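> Below you'll find entry_2.tsv; it's TSV, C-alpha atoms and all ligand atoms.
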```tsv
chain	number	residue	atom	x	y	z
R	1	MET	CA	-4.64	12.01	-6.46
R	2	ARG	CA	-5.16	9.99	-9.62
R	3	ILE	CA	-3.68	6.74	-10.91
R	4	THR	CA	-1.66	7.37	-14.07
R	5	ALA	CA	0.01	4.02	-14.85
R	6	LEU	CA	0.52	0.42	-13.71
R	7	GLU	CA	3.93	-1.18	-14.13
R	8	THR	CA	4.26	-4.89	-13.37
R	9	PHE	CA	7.28	-6.92	-12.23
R	10	ILE	CA	8.15	-10.50	-11.31
R	11	LEU	CA	10.70	-11.36	-8.60
R	12	HIS	CA	12.09	-14.86	-8.09
R	13	VAL	CA	14.02	-14.96	-4.80
R	14	PRO	CA	16.11	-17.98	-3.68
R	15	VAL	CA	14.83	-19.85	-0.60
R	16	SER	CA	17.05	-20.94	2.31
R	17	GLY	CA	19.54	-23.71	1.60
R	18	GLY	CA	18.94	-23.83	-2.17
R	19	ALA	CA	15.57	-25.62	-1.96
R	20	ILE	CA	12.87	-26.51	0.57
R	21	ALA	CA	10.15	-29.18	0.70
R	22	ASP	CA	6.89	-29.69	2.55
R	23	GLY	CA	4.32	-32.47	2.32
R	24	SER	CA	3.05	-31.26	-1.06
R	25	HIS	CA	5.63	-28.92	-2.62
R	26	ARG	CA	9.30	-28.50	-3.41
R	27	VAL	CA	10.51	-25.01	-4.33
R	28	ALA	CA	13.86	-23.36	-5.01
R	29	HIS	CA	12.57	-19.77	-5.31
R	30	TRP	CA	9.71	-17.72	-3.92
R	31	GLY	CA	7.83	-15.79	-6.59
R	32	ALA	CA	6.48	-12.27	-6.20
R	33	PRO	CA	4.57	-11.10	-9.28
R	34	GLY	CA	3.49	-7.57	-8.55
R	35	VAL	CA	2.72	-4.04	-9.58
R	36	ALA	CA	3.95	-0.50	-9.05
R	37	ILE	CA	0.98	1.89	-9.28
R	38	HIS	CA	2.00	5.40	-10.32
R	39	THR	CA	0.04	8.56	-9.46
R	40	ASP	CA	-0.06	12.19	-10.52
R	41	ALA	CA	1.04	13.09	-6.96
R	42	GLY	CA	4.39	11.43	-7.57
R	43	LEU	CA	3.67	8.64	-5.06
R	44	ILE	CA	4.20	5.04	-6.19
R	45	GLY	CA	2.37	2.18	-4.45
R	46	THR	CA	3.85	-1.33	-4.51
R	47	GLY	CA	1.96	-4.60	-4.16
R	48	TYR	CA	2.58	-8.23	-5.01
R	49	THR	CA	1.31	-11.73	-4.38
R	50	GLY	CA	3.25	-14.91	-3.50
R	51	THR	CA	3.87	-17.91	-5.77
R	52	HIS	CA	6.18	-20.87	-6.27
R	53	ALA	CA	8.11	-18.93	-8.92
R	54	HIS	CA	6.57	-20.64	-11.93
R	55	LEU	CA	7.23	-18.10	-14.65
R	56	ALA	CA	4.34	-19.07	-16.94
R	57	SER	CA	1.70	-18.65	-14.21
R	58	ASP	CA	3.45	-15.56	-12.80
R	59	ARG	CA	3.09	-14.00	-16.26
R	60	MET	CA	-0.65	-14.81	-16.23
R	61	ILE	CA	-0.92	-12.81	-13.00
R	62	THR	CA	0.99	-9.78	-14.32
R	63	SER	CA	-0.92	-9.84	-17.61
R	64	CYS	CA	-4.21	-9.94	-15.66
R	65	ILE	CA	-3.03	-6.89	-13.67
R	66	GLU	CA	-2.00	-4.95	-16.77
R	67	GLU	CA	-4.60	-5.93	-19.33
R	68	ALA	CA	-7.74	-6.84	-17.36
R	69	PHE	CA	-7.62	-4.68	-14.20
R	70	GLY	CA	-5.35	-1.83	-15.36
R	71	PRO	CA	-7.89	-0.06	-17.61
R	72	LEU	CA	-10.42	-0.07	-14.72
R	73	LEU	CA	-7.99	1.84	-12.49
R	74	ILE	CA	-6.47	4.57	-14.66
R	75	GLY	CA	-7.79	7.98	-13.54
R	76	CYS	CA	-9.16	6.67	-10.21
R	77	ASP	CA	-8.24	8.03	-6.76
R	78	PRO	CA	-6.24	5.21	-5.07
R	79	ARG	CA	-7.37	6.35	-1.61
R	80	GLU	CA	-10.87	5.06	-2.45
R	81	VAL	CA	-9.46	1.57	-2.04
R	82	ARG	CA	-12.52	-0.20	-0.61
R	83	ALA	CA	-14.75	1.11	-3.40
R	84	LEU	CA	-12.12	0.11	-5.96
R	85	TRP	CA	-12.02	-3.38	-4.42
R	86	THR	CA	-15.70	-3.85	-5.20
R	87	ARG	CA	-15.32	-2.35	-8.67
R	88	LEU	CA	-12.57	-4.84	-9.57
R	89	GLN	CA	-14.06	-7.86	-7.82
R	90	ARG	CA	-17.55	-7.37	-9.22
R	91	HIS	CA	-16.61	-6.33	-12.77
R	92	PRO	CA	-18.99	-8.71	-14.59
R	93	PRO	CA	-16.68	-10.20	-17.28
R	94	LEU	CA	-13.90	-10.76	-14.72
R	95	GLN	CA	-16.29	-12.06	-12.07
R	96	TRP	CA	-17.41	-14.61	-14.67
R	97	VAL	CA	-13.91	-16.05	-15.17
R	98	GLY	CA	-12.48	-15.33	-11.72
R	99	ARG	CA	-13.47	-15.03	-8.04
R	100	ALA	CA	-10.43	-17.24	-7.18
R	101	GLY	CA	-7.08	-18.30	-8.63
R	102	ILE	CA	-5.12	-16.09	-11.04
R	103	THR	CA	-7.54	-13.16	-11.04
R	104	HIS	CA	-7.73	-13.16	-7.24
R	105	LEU	CA	-3.93	-13.13	-6.86
R	106	ALA	CA	-3.73	-10.28	-9.38
R	107	HIS	CA	-6.36	-8.37	-7.42
R	108	ALA	CA	-4.40	-9.01	-4.20
R	109	ALA	CA	-1.28	-7.34	-5.65
R	110	ILE	CA	-3.32	-4.32	-6.76
R	111	ASP	CA	-5.19	-3.94	-3.45
R	112	VAL	CA	-1.93	-4.09	-1.47
R	113	ALA	CA	-0.44	-1.40	-3.73
R	114	LEU	CA	-3.52	0.81	-3.22
R	115	TRP	CA	-3.28	0.48	0.61
R	116	ASP	CA	0.44	1.25	0.32
R	117	LEU	CA	-0.52	4.46	-1.53
R	118	LYS	CA	-3.26	5.35	0.96
R	119	ALA	CA	-0.83	4.99	3.88
R	120	GLN	CA	1.88	6.97	2.06
R	121	ALA	CA	-0.63	9.71	1.27
R	122	ALA	CA	-1.50	9.85	4.99
R	123	GLY	CA	2.21	9.96	5.88
R	124	GLU	CA	1.80	6.93	8.17
R	125	PRO	CA	2.79	3.27	8.31
R	126	LEU	CA	-0.21	1.10	7.40
R	127	TRP	CA	-0.53	-0.32	10.94
R	128	ARG	CA	-1.15	3.20	12.26
R	129	LEU	CA	-3.59	4.09	9.47
R	130	LEU	CA	-5.53	0.94	10.47
R	131	GLY	CA	-5.58	1.99	14.12
R	132	GLY	CA	-2.77	-0.04	15.71
R	133	ALA	CA	-0.67	1.11	18.67
R	134	ALA	CA	3.09	1.68	18.66
R	135	ASP	CA	3.88	0.05	22.02
R	136	GLN	CA	2.82	-3.53	21.40
R	137	ARG	CA	4.62	-6.85	21.35
R	138	LEU	CA	3.95	-9.11	18.37
R	139	GLU	CA	5.59	-12.50	18.94
R	140	ALA	CA	7.33	-14.23	16.03
R	141	TYR	CA	7.36	-17.96	15.35
R	142	ASP	CA	9.85	-19.42	12.90
R	143	THR	CA	9.03	-21.78	10.03
R	144	ASP	CA	12.32	-21.68	8.14
R	145	GLY	CA	14.11	-24.34	10.23
R	146	GLY	CA	11.50	-27.08	9.89
R	147	TRP	CA	11.28	-28.16	6.25
R	148	LEU	CA	10.46	-31.74	5.36
R	149	ASP	CA	13.75	-32.33	3.51
R	150	ARG	CA	15.82	-31.48	6.62
R	151	SER	CA	17.21	-34.35	8.74
R	152	ASP	CA	16.30	-34.82	12.41
R	153	GLU	CA	19.74	-33.50	13.33
R	154	GLN	CA	19.20	-30.40	11.18
R	155	LEU	CA	15.76	-29.83	12.73
R	156	VAL	CA	17.19	-29.95	16.23
R	157	ALA	CA	20.14	-27.71	15.31
R	158	GLU	CA	17.81	-25.16	13.66
R	159	THR	CA	15.53	-25.21	16.72
R	160	GLU	CA	18.46	-24.60	19.06
R	161	SER	CA	19.63	-21.75	16.84
R	162	ARG	CA	16.16	-20.13	16.95
R	163	LEU	CA	16.03	-20.47	20.74
R	164	ALA	CA	19.41	-18.72	20.96
R	165	GLN	CA	17.97	-15.89	18.85
R	166	GLY	CA	15.09	-15.45	21.30
R	167	TYR	CA	12.28	-17.38	19.58
R	168	ARG	CA	9.96	-19.41	21.79
R	169	ALA	CA	7.83	-20.96	19.02
R	170	VAL	CA	8.71	-22.93	15.89
R	171	LYS	CA	6.84	-24.89	13.22
R	172	ILE	CA	7.97	-28.04	11.43
R	173	LYS	CA	6.60	-29.90	8.43
R	174	VAL	CA	5.08	-33.38	8.39
R	175	GLY	CA	3.81	-35.52	5.51
R	176	SER	CA	6.86	-37.80	5.21
R	177	ARG	CA	6.78	-40.69	2.73
R	178	ASP	CA	8.62	-44.01	2.69
R	179	VAL	CA	10.79	-45.26	-0.18
R	180	ARG	CA	7.66	-46.48	-2.01
R	181	GLY	CA	6.05	-43.07	-1.77
R	182	ARG	CA	3.48	-44.10	0.86
R	183	LEU	CA	2.62	-41.76	3.74
R	184	ASP	CA	4.81	-42.48	6.76
R	185	PRO	CA	3.27	-40.78	9.83
R	186	ALA	CA	5.46	-42.82	12.22
R	187	ARG	CA	8.46	-41.06	10.69
R	188	ASP	CA	6.73	-37.71	11.17
R	189	LEU	CA	6.09	-38.45	14.85
R	190	GLN	CA	9.81	-39.17	15.34
R	191	ARG	CA	10.64	-35.78	13.83
R	192	VAL	CA	8.11	-34.01	16.03
R	193	ALA	CA	9.41	-35.79	19.15
R	194	SER	CA	13.01	-34.77	18.33
R	195	VAL	CA	12.11	-31.08	18.11
R	196	ARG	CA	9.78	-31.23	21.12
R	197	ALA	CA	12.69	-32.59	23.20
R	198	ALA	CA	14.88	-29.67	22.07
R	199	LEU	CA	12.32	-27.05	23.19
R	200	PRO	CA	11.89	-25.77	26.74
R	201	ALA	CA	8.69	-26.65	28.60
R	202	ASP	CA	7.12	-23.28	27.68
R	203	GLY	CA	8.27	-23.49	24.02
R	204	ARG	CA	5.54	-23.85	21.44
R	205	LEU	CA	5.74	-26.36	18.57
R	206	MET	CA	3.38	-26.27	15.60
R	207	VAL	CA	3.07	-28.96	12.91
R	208	ASP	CA	2.09	-28.44	9.25
R	209	ALA	CA	1.07	-31.23	6.82
R	210	ASN	CA	0.38	-28.89	3.84
R	211	GLY	CA	-2.67	-30.97	2.92
R	212	ALA	CA	-0.67	-34.16	2.41
R	213	TRP	CA	-2.62	-36.53	4.67
R	214	ASP	CA	-5.89	-38.34	4.07
R	215	LEU	CA	-8.56	-38.22	6.77
R	216	ALA	CA	-7.68	-41.62	8.31
R	217	THR	CA	-3.97	-40.70	8.59
R	218	ALA	CA	-4.83	-37.30	10.05
R	219	LEU	CA	-7.12	-38.86	12.68
R	220	GLU	CA	-4.51	-41.42	13.76
R	221	ALA	CA	-1.47	-39.12	13.65
R	222	GLY	CA	-3.41	-36.24	15.16
R	223	ARG	CA	-4.17	-38.28	18.32
R	224	ALA	CA	-0.45	-39.08	18.73
R	225	LEU	CA	0.49	-35.42	18.23
R	226	ALA	CA	-1.66	-34.46	21.21
R	227	ASP	CA	0.67	-36.49	23.46
R	228	LEU	CA	3.62	-34.48	22.10
R	229	GLY	CA	2.07	-31.17	23.15
R	230	VAL	CA	1.67	-29.78	19.63
R	231	ALA	CA	0.09	-26.30	19.70
R	232	TRP	CA	-1.73	-26.71	16.37
R	233	LEU	CA	-2.02	-29.08	13.44
R	234	GLU	CA	-1.97	-27.09	10.18
R	235	GLU	CA	-3.63	-28.08	6.88
R	236	PRO	CA	-3.83	-31.77	7.80
R	237	ILE	CA	-5.95	-32.73	4.75
R	238	TRP	CA	-7.09	-31.31	1.39
R	239	TYR	CA	-7.37	-27.53	1.63
R	240	ASP	CA	-11.03	-27.15	0.65
R	241	ASP	CA	-12.45	-30.08	2.68
R	242	VAL	CA	-14.83	-28.41	5.13
R	243	PRO	CA	-16.51	-31.56	6.57
R	244	GLY	CA	-13.18	-33.40	6.88
R	245	HIS	CA	-11.61	-30.57	8.88
R	246	ALA	CA	-14.79	-30.24	10.96
R	247	ARG	CA	-14.50	-33.91	11.90
R	248	LEU	CA	-10.83	-33.48	12.86
R	249	ALA	CA	-11.68	-30.41	14.92
R	250	ARG	CA	-14.34	-32.42	16.78
R	251	GLU	CA	-12.33	-35.59	17.37
R	252	LEU	CA	-8.79	-34.31	18.04
R	253	THR	CA	-7.66	-32.37	21.09
R	254	THR	CA	-4.91	-30.67	19.01
R	255	PRO	CA	-6.33	-27.44	17.51
R	256	ILE	CA	-6.69	-27.14	13.72
R	257	ALA	CA	-5.04	-24.29	11.77
R	258	LEU	CA	-5.74	-23.49	8.13
R	259	GLY	CA	-6.43	-20.77	5.59
R	260	GLU	CA	-3.32	-20.23	3.50
R	261	GLN	CA	-5.00	-21.79	0.46
R	262	LEU	CA	-8.42	-20.17	0.91
R	263	TYR	CA	-9.15	-17.39	-1.59
R	264	THR	CA	-12.31	-15.77	-0.28
R	265	LEU	CA	-14.24	-14.46	2.69
R	266	ASP	CA	-16.96	-16.96	1.71
R	267	ALA	CA	-14.56	-19.89	2.11
R	268	PHE	CA	-13.52	-18.73	5.60
R	269	ARG	CA	-17.19	-18.23	6.52
R	270	ASP	CA	-17.91	-21.88	5.64
R	271	PHE	CA	-14.97	-23.27	7.65
R	272	ILE	CA	-15.76	-21.07	10.65
R	273	ALA	CA	-19.51	-21.85	10.54
R	274	ALA	CA	-18.72	-25.59	10.47
R	275	GLY	CA	-16.41	-25.34	13.51
R	276	ALA	CA	-13.60	-26.65	11.27
R	277	VAL	CA	-10.81	-24.22	12.26
R	278	HIS	CA	-9.29	-22.93	15.52
R	279	TYR	CA	-6.40	-20.78	14.18
R	280	VAL	CA	-7.38	-18.67	11.17
R	281	GLN	CA	-4.41	-18.30	8.81
R	282	ALA	CA	-5.73	-15.68	6.42
R	283	ASP	CA	-3.22	-14.49	3.82
R	284	ALA	CA	-3.72	-11.02	2.32
R	285	VAL	CA	-1.96	-12.02	-0.90
R	286	ARG	CA	-4.12	-15.14	-1.41
R	287	LEU	CA	-7.29	-13.31	-0.44
R	288	ALA	CA	-7.82	-10.21	-2.60
R	289	GLY	CA	-5.55	-7.99	-0.56
R	290	VAL	CA	-5.74	-6.02	2.67
R	291	THR	CA	-9.43	-5.23	2.08
R	292	GLU	CA	-10.60	-8.85	2.07
R	293	TRP	CA	-8.07	-9.94	4.76
R	294	TRP	CA	-9.52	-7.39	7.17
R	295	ARG	CA	-13.03	-8.74	6.60
R	296	VAL	CA	-11.83	-12.29	7.35
R	297	ALA	CA	-10.02	-11.10	10.49
R	298	GLU	CA	-13.20	-9.35	11.68
R	299	LEU	CA	-15.24	-12.50	11.00
R	300	ALA	CA	-12.77	-14.63	12.96
R	301	HIS	CA	-12.69	-12.09	15.78
R	302	ALA	CA	-16.48	-12.16	16.01
R	303	HIS	CA	-16.14	-15.91	16.65
R	304	HIS	CA	-13.31	-15.33	19.19
R	305	LEU	CA	-10.84	-17.19	16.98
R	306	PRO	CA	-7.16	-16.10	16.85
R	307	VAL	CA	-5.82	-14.98	13.47
R	308	VAL	CA	-2.23	-16.02	12.73
R	309	PRO	CA	-1.59	-14.83	9.17
R	310	HIS	CA	0.11	-17.02	6.60
R	311	ILE	CA	2.85	-14.86	5.14
R	312	GLY	CA	2.64	-15.35	1.39
R	313	ASP	CA	4.09	-11.82	1.18
R	314	MET	CA	7.07	-12.91	3.35
R	315	MET	CA	5.83	-10.80	6.28
R	316	GLN	CA	5.91	-7.19	5.05
R	317	VAL	CA	2.18	-6.40	4.76
R	318	HIS	CA	1.12	-8.94	7.37
R	319	LEU	CA	3.38	-7.30	9.94
R	320	HIS	CA	1.31	-4.12	9.57
R	321	LEU	CA	-1.99	-6.03	9.63
R	322	ALA	CA	-1.04	-8.12	12.66
R	323	LEU	CA	0.04	-4.98	14.55
R	324	ALA	CA	-3.32	-3.39	13.77
R	325	HIS	CA	-5.84	-6.21	14.34
R	326	PRO	CA	-6.76	-7.35	17.87
R	327	ALA	CA	-7.19	-10.99	16.76
R	328	CYS	CA	-3.42	-11.24	16.03
R	329	THR	CA	-0.78	-11.89	18.69
R	330	LEU	CA	1.60	-14.13	16.73
R	331	LEU	CA	3.14	-13.90	13.24
R	332	GLU	CA	5.11	-16.34	11.12
R	333	HIS	CA	8.74	-15.63	10.20
R	334	ILE	CA	10.42	-16.70	6.92
R	335	PRO	CA	13.27	-14.37	5.85
R	336	TRP	CA	13.63	-15.23	2.15
R	337	MET	CA	12.74	-11.79	0.75
R	338	ARG	CA	14.36	-9.57	3.35
R	339	GLU	CA	16.95	-8.23	0.87
R	340	CYS	CA	14.17	-6.94	-1.41
R	341	PHE	CA	12.69	-4.23	0.79
R	342	VAL	CA	13.62	-0.72	1.92
R	343	GLU	CA	12.36	-1.58	5.43
R	344	SER	CA	12.39	-5.35	5.98
R	345	ALA	CA	10.47	-7.03	8.80
R	346	ASN	CA	12.87	-7.57	11.67
R	347	VAL	CA	12.69	-9.88	14.70
R	348	VAL	CA	14.44	-8.80	17.91
R	349	ASP	CA	14.49	-11.24	20.85
R	350	GLY	CA	11.50	-13.17	19.54
R	351	SER	CA	9.28	-10.18	18.68
R	352	PHE	CA	8.82	-8.09	15.56
R	353	ALA	CA	10.19	-4.55	15.52
R	354	VAL	CA	7.44	-2.02	14.71
R	355	PRO	CA	7.99	-0.55	11.20
R	356	GLN	CA	8.19	3.24	10.99
R	357	ARG	CA	8.19	4.08	7.28
R	358	PRO	CA	4.94	5.44	5.71
R	359	GLY	CA	3.21	2.80	3.55
R	360	ALA	CA	2.54	-0.94	3.71
R	361	GLY	CA	6.16	-2.09	3.97
R	362	THR	CA	6.24	-3.11	0.31
R	363	ALA	CA	8.60	-0.49	-1.14
R	364	LEU	CA	11.38	-2.32	-3.02
R	365	ARG	CA	15.08	-1.50	-2.76
R	366	ALA	CA	16.54	0.14	-5.84
R	367	ASP	CA	18.46	-3.03	-6.76
R	368	ALA	CA	15.69	-5.58	-6.08
R	369	LEU	CA	14.55	-5.82	-9.70
R	370	GLU	CA	18.11	-6.03	-10.95
R	371	ARG	CA	19.00	-8.81	-8.48
R	372	PHE	CA	15.79	-10.85	-8.45
R	373	GLY	CA	13.68	-9.67	-11.41
R	374	VAL	CA	12.93	-12.19	-14.15
R	375	GLY	CA	11.73	-11.74	-17.72
R	376	ARG	CA	8.22	-10.49	-18.12
U	401	MG	MG	1.40	-23.85	6.07
```
Could I get this file's structure written as structure tokens?


Amino acid sequence: MRITALETFILHVPVSGGAIADGSHRVAHWGAPGVAIHTDAGLIGTGYTGTHAHLASDRMITSCIEEAFGPLLIGCDPREVRALWTRLQRHPPLQWVGRAGITHLAHAAIDVALWDLKAQAAGEPLWRLLGGAADQRLEAYDTDGGWLDRSDEQLVAETESRLAQGYRAVKIKVGSRDVRGRLDPARDLQRVASVRAALPADGRLMVDANGAWDLATALEAGRALADLGVAWLEEPIWYDDVPGHARLARELTTPIALGEQLYTLDAFRDFIAAGAVHYVQADAVRLAGVTEWWRVAELAHAHHLPVVPHIGDMMQVHLHLALAHPACTLLEHIPWMRECFVESANVVDGSFAVPQRPGAGTALRADALERFGVGR
């Protein structure tokens, strides 16, 4: 099987309720710049990364796929995906300008498409190709009811709605600011207490600051969160701050979760070696695809750390990965892109249904580009 062509696309899909906010971002659409990789066998592999639907930077990603990586792939066998990963990642002129950021996200989309092809060629869903079992329970936790721009009443109503659907774990955002724009952790603690009170005793509540806090705020608020039974504190401070997170991990009893903004295996190695993370939130579309995600998951597993993927792909690929890797027992749920896929990730009574279709779960519905595609 040989690669014959790469065809890029950009999807901008509306988020829930028209817009959502966290401690650092406000977005109205989720972006999925991606690629369809065509082969002489007639199979087409689909991969994409996840963005905040900023068309100018999405175009940088698709142009990197087409113009920089594309010529390195034409004529190659897509099943040799791990060898191709190294060829793309270590191509000297691209290594010089890349290793993170735009080039890494472009590589992620390509690597996901290649694994999609490899699984299709094997006639199996990716989780089975990677060695997972069909009879397992992967618990879902919901993030889509806990945005920072939702009122306390909305947070409680969303939590009650998730409980009625069978969820037993939810995540809400912190990083509130007062009218002068100053951090307001007291307000955050009120929000957390409201949701905690709405959950049953065995319900799990996670809290995510999206890097909004400084170290002093994180230390003070983190101690108060422990009294509220928070299961983890996610991205409390600046994403790349290894010593800051190591200090929080030492001084707080609430576990630290992070990883959605880390691009490389090397970055995860540094956080893990410093004892700065308890829940490893590797994202295959921020890392360079399935290939690098698996290496991070193996590294975490060797340190007996749970991996709870961040779902920059809106669950499709990560569902397969989480079903296949023993470090994963829990996966995030955000349903924004469910109308894009032939076989969307589906939660039944708090657990993910096991996908059956050959591939990585990335195949787009025939009308996805028409409905959500934007100008290239
Ligand atoms: Mg997060």

> Restricting the calculation to all atoms listed in the file: of R:Pro309, R:Gly359, R:Gly47, R:Gly275, which residue gets closest to ligand MG 401 (chain U)?

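Comparing R:Pro309, R:Gly359, R:Gly47, R:Gly275 against ligand MG 401 (chain U), the winner is R:Pro309.
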
> Tell me which of R:Ala284, R:Val170, R:Val207, R:Val296 sits closest to Asp266 in chain R, counting all atoms listed in the file.

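Checking each candidate against Asp266 in chain R, we get R:Val296 as the closest.
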
> With all atoms listed in the file counted, collect every polymer residue having an atom within 12 Å of ligand MG 401 (chain U); state the result as a PyMOL selection string.

chain R and resi 21-25+142-144+146-147+171-175+206-212+232-237+239+256-262+279-283+308-312+332-334

> Neighbours of Gln165 in chain R within 8 Å (only C-alpha atoms; same-chain residues fewer than 6 positions away dropped), as a ChimeraX atom specification?

/R:348-350

> Please indicate the distance in Å from CA of Leu148 in chain R to CA of His104 in chain R, rounded to one decimal place.

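A separation of 28.9 Å between them.
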
> Closest to Arg269 in chain R among R:Trp238, R:Gly229, R:Ala302, R:Ile61, using all atoms listed in the file?

R:Ala302

> Measure the distance from CA of Leu73 in chain R to CA of Glu124 in chain R in Å and round it to one decimal.

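Computed distance, CA of Leu73 in chain R to CA of Glu124 in chain R, equals 23.4 Å.
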
> Please fill the gaps in range 18-35 of chain R so it has N, CA and C atoms, and write that as a short mmCIF file (atom, residue, chain, number, x, y, z; two decimals), in the coordinates of the input.


```
data_model
loop_
_atom_site.label_atom_id
_atom_site.label_comp_id
_atom_site.auth_asym_id
_atom_site.auth_seq_id
_atom_site.Cartn_x
_atom_site.Cartn_y
_atom_site.Cartn_z
N GLY R 18 19.01 -23.41 -0.77
CA GLY R 18 18.94 -23.83 -2.17
C GLY R 18 17.59 -24.40 -2.58
N ALA R 19 16.91 -25.10 -1.67
CA ALA R 19 15.57 -25.62 -1.96
C ALA R 19 14.93 -26.03 -0.63
N ILE R 20 13.59 -26.05 -0.62
CA ILE R 20 12.87 -26.51 0.57
C ILE R 20 11.72 -27.39 0.11
N ALA R 21 11.29 -28.31 1.02
CA ALA R 21 10.15 -29.18 0.70
C ALA R 21 9.19 -29.20 1.86
N ASP R 22 7.89 -29.36 1.53
CA ASP R 22 6.89 -29.69 2.55
C ASP R 22 6.15 -30.93 2.05
N GLY R 23 5.01 -31.25 2.67
CA GLY R 23 4.32 -32.47 2.32
C GLY R 23 3.76 -32.49 0.91
N SER R 24 3.65 -31.33 0.27
CA SER R 24 3.05 -31.26 -1.06
C SER R 24 3.88 -30.52 -2.09
N HIS R 25 4.91 -29.79 -1.69
CA HIS R 25 5.63 -28.92 -2.62
C HIS R 25 7.12 -29.00 -2.42
N ARG R 26 7.85 -28.69 -3.51
CA ARG R 26 9.30 -28.50 -3.41
C ARG R 26 9.59 -27.24 -4.22
N VAL R 27 10.23 -26.26 -3.61
CA VAL R 27 10.51 -25.01 -4.33
C VAL R 27 11.95 -24.56 -4.09
N ALA R 28 12.50 -23.92 -5.10
CA ALA R 28 13.86 -23.36 -5.01
C ALA R 28 13.82 -21.83 -4.90
N HIS R 29 12.72 -21.23 -5.38
CA HIS R 29 12.57 -19.77 -5.31
C HIS R 29 11.16 -19.43 -4.85
N TRP R 30 11.04 -18.27 -4.20
CA TRP R 30 9.71 -17.72 -3.92
C TRP R 30 9.41 -16.68 -4.99
N GLY R 31 8.20 -16.72 -5.54
CA GLY R 31 7.83 -15.79 -6.59
C GLY R 31 7.01 -14.63 -6.05
N ALA R 32 7.26 -13.45 -6.59
CA ALA R 32 6.48 -12.27 -6.20
C ALA R 32 6.11 -11.48 -7.46
N PRO R 33 5.08 -11.93 -8.19
CA PRO R 33 4.57 -11.10 -9.28
C PRO R 33 3.82 -9.92 -8.70
N GLY R 34 4.10 -8.73 -9.19
CA GLY R 34 3.49 -7.57 -8.55
C GLY R 34 3.37 -6.37 -9.46
N VAL R 35 3.02 -5.25 -8.81
CA VAL R 35 2.72 -4.04 -9.58
C VAL R 35 3.16 -2.79 -8.80
#
```
